[in-house]
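This is run_38.pdb (PDB, C-alpha atoms).
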ATOM      1  CA  LYS A   1       0.000   0.000   0.000
ATOM      2  CA  GLN A   2       1.331   3.403  -1.006
ATOM      3  CA  GLU A   3       2.011   5.742   1.904
ATOM      4  CA  VAL A   4       2.916   9.405   1.513
ATOM      5  CA  THR A   5       4.632  11.398   4.270
ATOM      6  CA  GLN A   6       5.349  15.097   4.567
ATOM      7  CA  ILE A   7       7.801  16.270   7.194
ATOM      8  CA  PRO A   8       7.743  18.694   8.903
ATOM      9  CA  ALA A   9       4.055  19.130   9.571
ATOM     10  CA  ALA A  10       4.571  22.857  10.128
ATOM     11  CA  LEU A  11       7.206  25.370   9.116
ATOM     12  CA  SER A  12       7.752  29.050   9.895
ATOM     13  CA  VAL A  13      10.196  31.210   7.945
ATOM     14  CA  PRO A  14      10.943  34.940   7.619
ATOM     15  CA  GLU A  15       9.891  36.666   4.431
ATOM     16  CA  GLY A  16      12.460  36.352   1.650
ATOM     17  CA  GLU A  17      13.830  33.005   2.758
ATOM     18  CA  ASN A  18      13.585  30.074   0.353
ATOM     19  CA  LEU A  19      11.105  27.359   1.304
ATOM     20  CA  VAL A  20      11.949  23.667   1.002
ATOM     21  CA  LEU A  21       9.052  21.241   1.422
ATOM     22  CA  ASN A  22       9.577  17.498   1.500
ATOM     23  CA  CYS A  23       7.405  14.616   0.349
ATOM     24  CA  SER A  24       8.302  10.944   0.568
ATOM     25  CA  PHE A  25       6.440   7.894  -0.732
ATOM     26  CA  THR A  26       6.917   4.200  -0.112
ATOM     27  CA  ASP A  27       6.214   2.685  -3.533
ATOM     28  CA  SER A  28       8.321   4.038  -6.380
ATOM     29  CA  ALA A  29       5.972   2.651  -9.049
ATOM     30  CA  ILE A  30       4.059   5.893  -9.444
ATOM     31  CA  TYR A  31       2.464   7.421 -12.502
ATOM     32  CA  ASN A  32       2.922  11.043 -11.484
ATOM     33  CA  LEU A  33       3.050  13.338  -8.456
ATOM     34  CA  GLN A  34       1.081  16.512  -7.871
ATOM     35  CA  TRP A  35       1.676  19.403  -5.473
ATOM     36  CA  PHE A  36      -1.265  21.404  -4.133
ATOM     37  CA  ARG A  37      -1.789  24.482  -2.039
ATOM     38  CA  GLN A  38      -4.710  24.778   0.385
ATOM     39  CA  ASP A  39      -5.709  27.998   2.115
ATOM     40  CA  PRO A  40      -7.745  27.760   5.341
ATOM     41  CA  GLY A  41     -11.355  26.855   4.640
ATOM     42  CA  LYS A  42     -10.737  26.567   0.908
ATOM     43  CA  GLY A  43     -10.304  23.888  -1.705
ATOM     44  CA  LEU A  44      -7.057  22.579  -3.158
ATOM     45  CA  THR A  45      -5.247  24.540  -5.846
ATOM     46  CA  SER A  46      -2.983  22.562  -8.139
ATOM     47  CA  LEU A  47       0.561  23.951  -8.254
ATOM     48  CA  LEU A  48       2.652  21.491 -10.245
ATOM     49  CA  LEU A  49       2.336  18.061 -11.787
ATOM     50  CA  ILE A  50       5.468  15.959 -12.366
ATOM     51  CA  GLN A  51       5.235  12.908 -14.578
ATOM     52  CA  SER A  52       7.167   9.817 -13.475
ATOM     53  CA  SER A  53       9.556  10.269 -16.412
ATOM     54  CA  GLN A  54      10.459  13.829 -15.360
ATOM     55  CA  ARG A  55      13.073  14.943 -12.849
ATOM     56  CA  GLU A  56      11.666  18.393 -12.203
ATOM     57  CA  GLN A  57       8.966  20.881 -13.093
ATOM     58  CA  THR A  58       9.019  24.675 -12.745
ATOM     59  CA  SER A  59       6.384  27.385 -12.556
ATOM     60  CA  GLY A  60       7.453  30.896 -11.636
ATOM     61  CA  ARG A  61       9.015  30.846  -8.156
ATOM     62  CA  LEU A  62       8.072  27.183  -7.707
ATOM     63  CA  ASN A  63      10.273  24.246  -8.590
ATOM     64  CA  ALA A  64       9.459  20.640  -7.828
ATOM     65  CA  SER A  65      11.898  17.760  -8.149
ATOM     66  CA  LEU A  66      11.192  14.049  -8.281
ATOM     67  CA  ASP A  67      13.500  11.159  -7.406
ATOM     68  CA  LYS A  68      11.510   7.983  -7.899
ATOM     69  CA  SER A  69      14.301   5.634  -6.873
ATOM     70  CA  SER A  70      14.534   7.180  -3.416
ATOM     71  CA  GLY A  71      10.801   7.868  -3.167
ATOM     72  CA  ARG A  72      11.146  11.614  -2.723
ATOM     73  CA  SER A  73       9.871  14.878  -4.102
ATOM     74  CA  THR A  74      10.844  18.364  -2.996
ATOM     75  CA  LEU A  75       8.970  21.597  -3.598
ATOM     76  CA  TYR A  76      11.125  24.718  -3.586
ATOM     77  CA  ILE A  77       9.551  28.155  -3.277
ATOM     78  CA  ALA A  78      12.025  30.937  -3.922
ATOM     79  CA  ALA A  79      12.003  34.251  -2.048
ATOM     80  CA  SER A  80       8.980  33.449   0.099
ATOM     81  CA  GLN A  81       6.253  36.036   0.679
ATOM     82  CA  PRO A  82       3.537  36.288   3.355
ATOM     83  CA  GLY A  83       1.034  35.349   0.635
ATOM     84  CA  ASP A  84       2.737  31.956   0.396
ATOM     85  CA  SER A  85       1.393  31.088   3.855
ATOM     86  CA  ALA A  86      -0.833  28.035   3.365
ATOM     87  CA  THR A  87      -0.811  24.267   3.694
ATOM     88  CA  TYR A  88       1.053  22.437   0.942
ATOM     89  CA  LEU A  89       0.044  18.899   0.061
ATOM     90  CA  CYS A  90       1.707  16.381  -2.175
ATOM     91  CA  ALA A  91      -0.189  13.514  -3.760
ATOM     92  CA  VAL A  92       1.019  10.481  -5.633
ATOM     93  CA  ARG A  93      -1.029   8.957  -8.414
ATOM     94  CA  VAL A  94      -1.119   5.179  -8.387
ATOM     95  CA  VAL A  95      -2.417   3.525 -11.503
ATOM     96  CA  MET A  96      -4.870   0.887 -10.374
ATOM     97  CA  ILE A  97      -4.956  -2.516 -11.947
ATOM     98  CA  LYS A  98      -8.413  -1.947 -13.395
ATOM     99  CA  ALA A  99      -8.286  -0.117 -16.692
ATOM    100  CA  ALA A 100      -8.777   3.647 -16.621
ATOM    101  CA  GLY A 101      -9.052   3.876 -12.842
ATOM    102  CA  ASN A 102      -6.574   5.908 -10.850
ATOM    103  CA  LYS A 103      -6.358   7.395  -7.400
ATOM    104  CA  LEU A 104      -4.330  10.003  -5.588
ATOM    105  CA  THR A 105      -2.722   9.149  -2.264
ATOM    106  CA  PHE A 106      -2.169  12.300  -0.235
ATOM    107  CA  GLY A 107       0.418  13.252   2.324
ATOM    108  CA  GLY A 108      -0.664  14.954   5.523
ATOM    109  CA  GLY A 109       0.564  18.351   4.362
ATOM    110  CA  THR A 110       3.027  20.949   5.609
ATOM    111  CA  ARG A 111       1.532  24.102   7.107
ATOM    112  CA  VAL A 112       3.706  27.066   6.146
ATOM    113  CA  LEU A 113       3.807  30.479   7.792
ATOM    114  CA  VAL A 114       5.869  33.219   6.181
ATOM    115  CA  LYS A 115       6.440  36.054   8.637
ATOM    116  CA  PRO A 116       6.702  39.636   7.312
TER     117      PRO A 116
ATOM    118  CA  ASN B   1     -14.766  28.601 -17.085
ATOM    119  CA  ALA B   2     -16.022  27.872 -13.582
ATOM    120  CA  GLY B   3     -13.865  24.727 -13.221
ATOM    121  CA  VAL B   4     -15.305  22.399 -10.582
ATOM    122  CA  THR B   5     -18.353  23.638  -8.689
ATOM    123  CA  GLN B   6     -19.987  22.082  -5.636
ATOM    124  CA  THR B   7     -23.299  22.671  -3.875
ATOM    125  CA  PRO B   8     -24.109  23.281  -1.130
ATOM    126  CA  LYS B   9     -21.151  25.019   0.550
ATOM    127  CA  PHE B  10     -22.390  24.204   4.054
ATOM    128  CA  GLN B  11     -24.933  21.736   5.430
ATOM    129  CA  VAL B  12     -26.083  20.626   8.858
ATOM    130  CA  LEU B  13     -27.963  17.345   9.140
ATOM    131  CA  LYS B  14     -29.451  15.330  11.944
ATOM    132  CA  THR B  15     -28.467  11.694  12.359
ATOM    133  CA  GLY B  16     -30.493   9.540   9.977
ATOM    134  CA  GLN B  17     -31.303  12.284   7.480
ATOM    135  CA  SER B  18     -30.318  11.933   3.852
ATOM    136  CA  MET B  19     -28.832  14.401   1.404
ATOM    137  CA  THR B  20     -27.099  14.638  -1.938
ATOM    138  CA  LEU B  21     -23.952  16.646  -2.627
ATOM    139  CA  GLN B  22     -23.763  17.952  -6.157
ATOM    140  CA  CYS B  23     -20.653  18.410  -8.283
ATOM    141  CA  ALA B  24     -20.230  19.668 -11.826
ATOM    142  CA  GLN B  25     -17.213  20.401 -14.029
ATOM    143  CA  ASP B  26     -16.990  22.314 -17.291
ATOM    144  CA  MET B  27     -13.526  21.143 -18.403
ATOM    145  CA  ASN B  28     -14.769  18.144 -20.418
ATOM    146  CA  HIS B  29     -12.911  15.783 -18.089
ATOM    147  CA  ASN B  30     -13.750  12.099 -18.206
ATOM    148  CA  SER B  31     -12.733  11.236 -14.617
ATOM    149  CA  MET B  32     -14.390  12.583 -11.483
ATOM    150  CA  TYR B  33     -13.766  11.905  -7.781
ATOM    151  CA  TRP B  34     -15.207  12.414  -4.322
ATOM    152  CA  TYR B  35     -12.853  12.865  -1.352
ATOM    153  CA  ARG B  36     -13.367  13.623   2.304
ATOM    154  CA  GLN B  37     -10.895  15.589   4.425
ATOM    155  CA  ASP B  38     -10.671  15.060   8.167
ATOM    156  CA  PRO B  39      -8.179  16.459  10.695
ATOM    157  CA  GLY B  40      -5.393  13.965  11.270
ATOM    158  CA  MET B  41      -6.656  11.674   8.481
ATOM    159  CA  GLY B  42      -5.875  13.791   5.468
ATOM    160  CA  LEU B  43      -7.743  13.436   2.190
ATOM    161  CA  ARG B  44      -9.288  10.063   1.440
ATOM    162  CA  LEU B  45     -10.997   8.868  -1.718
ATOM    163  CA  ILE B  46     -14.649   7.864  -1.307
ATOM    164  CA  TYR B  47     -15.657   7.008  -4.890
ATOM    165  CA  TYR B  48     -14.457   7.796  -8.348
ATOM    166  CA  SER B  49     -15.804   7.597 -11.871
ATOM    167  CA  ALA B  50     -13.374   6.958 -14.702
ATOM    168  CA  SER B  51     -15.970   7.766 -17.349
ATOM    169  CA  GLU B  52     -19.668   8.391 -17.812
ATOM    170  CA  GLY B  53     -21.601   5.321 -16.733
ATOM    171  CA  THR B  54     -18.888   3.823 -14.505
ATOM    172  CA  THR B  55     -18.209   4.217 -10.792
ATOM    173  CA  ASP B  56     -15.789   2.480  -8.428
ATOM    174  CA  LYS B  57     -15.208   2.417  -4.693
ATOM    175  CA  GLY B  58     -12.281   4.209  -3.129
ATOM    176  CA  GLU B  59     -10.814   3.821   0.353
ATOM    177  CA  VAL B  60     -13.866   4.797   2.430
ATOM    178  CA  PRO B  61     -17.089   4.056   0.474
ATOM    179  CA  ASN B  62     -19.272   2.747   3.316
ATOM    180  CA  GLY B  63     -22.347   4.887   3.940
ATOM    181  CA  TYR B  64     -22.180   6.626   0.558
ATOM    182  CA  ASN B  65     -23.585   6.158  -2.922
ATOM    183  CA  VAL B  66     -22.689   8.002  -6.107
ATOM    184  CA  SER B  67     -24.245   8.732  -9.465
ATOM    185  CA  ARG B  68     -22.433   9.831 -12.600
ATOM    186  CA  LEU B  69     -25.392  11.593 -14.147
ATOM    187  CA  ASN B  70     -23.563  12.609 -17.327
ATOM    188  CA  LYS B  71     -20.048  13.632 -18.267
ATOM    189  CA  ARG B  72     -20.321  16.913 -16.346
ATOM    190  CA  GLU B  73     -22.011  15.847 -13.113
ATOM    191  CA  PHE B  74     -21.105  13.469 -10.302
ATOM    192  CA  SER B  75     -23.243  13.386  -7.153
ATOM    193  CA  LEU B  76     -22.595  11.886  -3.712
ATOM    194  CA  ARG B  77     -25.505  10.680  -1.598
ATOM    195  CA  LEU B  78     -25.659   9.999   2.114
ATOM    196  CA  GLU B  79     -28.690   7.782   2.674
ATOM    197  CA  SER B  80     -28.685   7.866   6.480
ATOM    198  CA  ALA B  81     -26.204  10.372   7.831
ATOM    199  CA  ALA B  82     -24.079   9.515  10.861
ATOM    200  CA  PRO B  83     -21.913  11.801  13.046
ATOM    201  CA  SER B  84     -18.833   9.979  11.668
ATOM    202  CA  GLN B  85     -19.662  11.523   8.292
ATOM    203  CA  THR B  86     -19.036  15.028   9.603
ATOM    204  CA  SER B  87     -16.280  16.200   7.296
ATOM    205  CA  VAL B  88     -15.327  18.451   4.425
ATOM    206  CA  TYR B  89     -16.172  16.872   1.077
ATOM    207  CA  PHE B  90     -14.280  17.695  -2.088
ATOM    208  CA  CYS B  91     -15.112  16.841  -5.648
ATOM    209  CA  ALA B  92     -12.347  16.714  -8.249
ATOM    210  CA  SER B  93     -11.962  15.993 -11.941
ATOM    211  CA  SER B  94      -9.202  15.119 -14.377
ATOM    212  CA  HIS B  95      -8.604  14.055 -17.933
ATOM    213  CA  ASN B  96      -7.506  10.439 -17.527
ATOM    214  CA  TYR B  97      -4.376  10.279 -15.345
ATOM    215  CA  ASN B  98      -3.527  13.944 -15.644
ATOM    216  CA  GLU B  99      -3.739  16.877 -13.286
ATOM    217  CA  GLN B 100      -6.665  16.770 -10.854
ATOM    218  CA  PHE B 101      -8.660  19.924 -10.220
ATOM    219  CA  PHE B 102     -10.648  20.361  -7.043
ATOM    220  CA  GLY B 103     -13.862  22.140  -6.156
ATOM    221  CA  PRO B 104     -14.249  24.518  -3.183
ATOM    222  CA  GLY B 105     -15.693  21.848  -0.884
ATOM    223  CA  THR B 106     -18.841  21.212   1.151
ATOM    224  CA  ARG B 107     -18.623  21.451   4.931
ATOM    225  CA  LEU B 108     -21.029  18.897   6.392
ATOM    226  CA  THR B 109     -21.940  18.583  10.063
ATOM    227  CA  VAL B 110     -24.056  15.664  11.269
ATOM    228  CA  LEU B 111     -25.555  16.140  14.720
TER     229      LEU B 111
END
As structure tokens - that is how I would like this structure written.
Amino acid sequence: KQEVTQIPAALSVPEGENLVLNCSFTDSAIYNLQWFRQDPGKGLTSLLLIQSSQREQTSGRLNASLDKSSGRSTLYIAASQPGDSATYLCAVRVVMIKAAGNKLTFGGGTRVLVKP
Amino acid sequence: NAGVTQTPKFQVLKTGQSMTLQCAQDMNHNSMYWYRQDPGMGLRLIYYSASEGTTDKGEVPNGYNVSRLNKREFSLRLESAAPSQTSVYFCASSHNYNEQFFGPGTRLTVL
């Protein structure tokens, strides 16, 4: 059974510092990995999707890396801002045996606070 | 485009009452999902639908039923609500195995 872990559960940094968020998964046979942001009381916003064949994906100040062999992904947020304060979730897509079915297994999230 | 929309946003039920949560997407996605999010338990898949006319159980399907009404709409029904079903419910959609997009959620309290 795939298990996804995000450590630490909470992180506080001063504005301007780079953020490094970790995600680890137990089964390296993944299809892809997705990073989300969730603001309090809101839904999940997709940030980046990395296919299993990719090593990294970039969008603006965000960069996500993927190392399937070690079961790890890292989300880097450059020059953090107070508006980056949110919970960040990673999710691994496992292709189910049945055709066309697929599910995301989520980590518990890292709650980030960027202090002005 | 509205993306994924969910109704209602909030709901309070008494134990034993029934209700249906509605979800619709306008992205022409074939796959749709229902998740619940609980403190300390994270997000868990309840049911999913890989295409119109098909549905499959996820991790926590007990106490729920779903209907894929058409390509756009996927509803979740609680036949006899229990306090253990107090949660935040999210609908999501994707094109096959690609990026999943989530709705804003429904906060459900069962007394």
Straight-line distance linking CA of Ser52 in chain A with CA of Asp27 in chain A, stated in Å to one decimal = 12.3 Å
Matched chain/residue IDs from the ChimeraX specification (/B :<10) & /A, as a PyMOL selection string = chain A and resi 31-36+41-51+89+91+93-95+98-109
Record the distance separating CA of Gln25 in chain B and CA of Ser87 in chain B, expressed in Å with one decimal.
->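 We find that CA of Gln25 in chain B and CA of Ser87 in chain B lie 21.8 Å from each other.
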Residues selected by the PyMOL selection byres ((chain A and resi 58) around 10), written as a PyMOL selection string = chain A and resi 47-50+56-57+59-65+75-76
Mind telling me what the PyMOL selection byres ((chain A and resi 83-88) around 7) catches here, as a list in words?
->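 For this structure, the PyMOL selection byres ((chain A and resi 83-88) around 7) captures Phe36, Arg37, Gln38, Asp39, Ser80, Gln81, Pro82, Leu89, Cys90, Gly109, Thr110, Arg111, Val112, Leu113 and Val114 of chain A.
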Can you write out as a tab-separated table which residues of range 57-76 of chain B fall within 12 Å of range 80-85 of chain B, alongside each residue's closest atom pair and its distance in Å to one decimal, counting all atoms listed in the file and ordering rows by chain and ascending residue number?
residue	atom	partner	partner_atom	distance
B:Val60	CA	B:Gln85	CA	10.6
B:Pro61	CA	B:Gln85	CA	11.1
B:Asn62	CA	B:Gln85	CA	10.1
B:Gly63	CA	B:Ser80	CA	7.4
B:Tyr64	CA	B:Ser80	CA	8.9
B:Asn65	CA	B:Ser80	CA	10.8
Any idea what the distance is between CA of His29 in chain B and CA of Arg77 in chain B?
->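 Between these atoms lies a distance of 21.4 Å.
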All residues 7 Å or closer to Gln2 in chain A, only C-alpha atoms, same chain fewer than 2 positions away omitted, as a ChimeraX atom specification | /A:4,25-27
Selection to disk with C-alpha atoms, as a compact mmCIF listing (two decimals), keeping the file's coordinate frame:
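The resulting selection-v1.txt:
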# COMPACT_ATOMS: atom_id res chain seq x y z
CA VAL A 4 2.92 9.40 1.51
CA PHE A 25 6.44 7.89 -0.73
CA THR A 26 6.92 4.20 -0.11
CA ASP A 27 6.21 2.68 -3.53
Would you mind telling me which residue in B:Lys9, B:Gly3, B:Ser75, B:Arg68 lies nearest to Thr109 in chain B when using all atoms listed in the file?
->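 Between B:Lys9, B:Gly3, B:Ser75, B:Arg68, the residue approaching Thr109 in chain B most closely is B:Lys9.
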Nearest residue to His95 in chain B from the set B:Met19, B:Ile46, B:Val12, B:Met27 (distances using all atoms listed in the file) |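 Selected residue with least distance to His95 in chain B: B:Met27.
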Between B:Val4, B:Glu52, B:Val110, B:Met32, which has the minimum distance to Gln17 in chain B (counting all atoms listed in the file)?
->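 The answer is B:Val110, which sits nearest to Gln17 in chain B.
Distances to Leu76 in chain B were evaluated for B:Ser93, B:Thr20, B:Thr15, B:Gln6 using all atoms listed in the file, and the minimum falls at B:Thr20.
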Please rebuild range 60-78 of chain A with N, CA and C atoms and give the result as a PDB file, keeping the file's coordinate frame.
ATOM      1  N   GLY A  60       7.145  29.672 -12.364  1.00  0.00           N
ATOM      2  CA  GLY A  60       7.453  30.896 -11.636  1.00  0.00           C
ATOM      3  C   GLY A  60       8.466  30.669 -10.532  1.00  0.00           C
ATOM      4  N   ARG A  61       8.092  31.021  -9.295  1.00  0.00           N
ATOM      5  CA  ARG A  61       9.015  30.846  -8.156  1.00  0.00           C
ATOM      6  C   ARG A  61       9.018  29.423  -7.617  1.00  0.00           C
ATOM      7  N   LEU A  62       8.195  28.563  -8.192  1.00  0.00           N
ATOM      8  CA  LEU A  62       8.072  27.183  -7.707  1.00  0.00           C
ATOM      9  C   LEU A  62       8.878  26.229  -8.576  1.00  0.00           C
ATOM     10  N   ASN A  63       9.551  25.307  -7.895  1.00  0.00           N
ATOM     11  CA  ASN A  63      10.273  24.246  -8.590  1.00  0.00           C
ATOM     12  C   ASN A  63      10.077  22.963  -7.808  1.00  0.00           C
ATOM     13  N   ALA A  64       9.653  21.929  -8.486  1.00  0.00           N
ATOM     14  CA  ALA A  64       9.459  20.640  -7.828  1.00  0.00           C
ATOM     15  C   ALA A  64      10.374  19.615  -8.478  1.00  0.00           C
ATOM     16  N   SER A  65      11.040  18.829  -7.655  1.00  0.00           N
ATOM     17  CA  SER A  65      11.898  17.760  -8.149  1.00  0.00           C
ATOM     18  C   SER A  65      11.298  16.417  -7.775  1.00  0.00           C
ATOM     19  N   LEU A  66      11.680  15.400  -8.527  1.00  0.00           N
ATOM     20  CA  LEU A  66      11.192  14.049  -8.281  1.00  0.00           C
ATOM     21  C   LEU A  66      12.339  13.062  -8.404  1.00  0.00           C
ATOM     22  N   ASP A  67      12.531  12.244  -7.369  1.00  0.00           N
ATOM     23  CA  ASP A  67      13.500  11.159  -7.406  1.00  0.00           C
ATOM     24  C   ASP A  67      12.741   9.878  -7.076  1.00  0.00           C
ATOM     25  N   LYS A  68      12.324   9.181  -8.105  1.00  0.00           N
ATOM     26  CA  LYS A  68      11.510   7.983  -7.899  1.00  0.00           C
ATOM     27  C   LYS A  68      12.270   6.895  -7.155  1.00  0.00           C
ATOM     28  N   SER A  69      13.533   6.740  -7.462  1.00  0.00           N
ATOM     29  CA  SER A  69      14.301   5.634  -6.873  1.00  0.00           C
ATOM     30  C   SER A  69      14.392   5.749  -5.364  1.00  0.00           C
ATOM     31  N   SER A  70      14.465   6.990  -4.862  1.00  0.00           N
ATOM     32  CA  SER A  70      14.534   7.180  -3.416  1.00  0.00           C
ATOM     33  C   SER A  70      13.165   7.485  -2.817  1.00  0.00           C
ATOM     34  N   GLY A  71      12.150   7.600  -3.650  1.00  0.00           N
ATOM     35  CA  GLY A  71      10.801   7.868  -3.167  1.00  0.00           C
ATOM     36  C   GLY A  71      10.648   9.260  -2.582  1.00  0.00           C
ATOM     37  N   ARG A  72      11.195  10.256  -3.267  1.00  0.00           N
ATOM     38  CA  ARG A  72      11.146  11.614  -2.723  1.00  0.00           C
ATOM     39  C   ARG A  72      10.801  12.653  -3.777  1.00  0.00           C
ATOM     40  N   SER A  73      10.080  13.676  -3.306  1.00  0.00           N
ATOM     41  CA  SER A  73       9.871  14.878  -4.102  1.00  0.00           C
ATOM     42  C   SER A  73      10.075  16.071  -3.191  1.00  0.00           C
ATOM     43  N   THR A  74      10.613  17.141  -3.759  1.00  0.00           N
ATOM     44  CA  THR A  74      10.844  18.364  -2.996  1.00  0.00           C
ATOM     45  C   THR A  74      10.243  19.532  -3.756  1.00  0.00           C
ATOM     46  N   LEU A  75       9.513  20.361  -3.033  1.00  0.00           N
ATOM     47  CA  LEU A  75       8.970  21.597  -3.598  1.00  0.00           C
ATOM     48  C   LEU A  75       9.777  22.765  -3.045  1.00  0.00           C
ATOM     49  N   TYR A  76      10.368  23.533  -3.960  1.00  0.00           N
ATOM     50  CA  TYR A  76      11.125  24.718  -3.586  1.00  0.00           C
ATOM     51  C   TYR A  76      10.306  25.960  -3.949  1.00  0.00           C
ATOM     52  N   ILE A  77      10.189  26.868  -2.997  1.00  0.00           N
ATOM     53  CA  ILE A  77       9.551  28.155  -3.277  1.00  0.00           C
ATOM     54  C   ILE A  77      10.588  29.225  -3.002  1.00  0.00           C
ATOM     55  N   ALA A  78      10.976  29.935  -4.046  1.00  0.00           N
ATOM     56  CA  ALA A  78      12.025  30.937  -3.922  1.00  0.00           C
ATOM     57  C   ALA A  78      11.476  32.240  -3.358  1.00  0.00           C
TER      58      ALA A  78
END
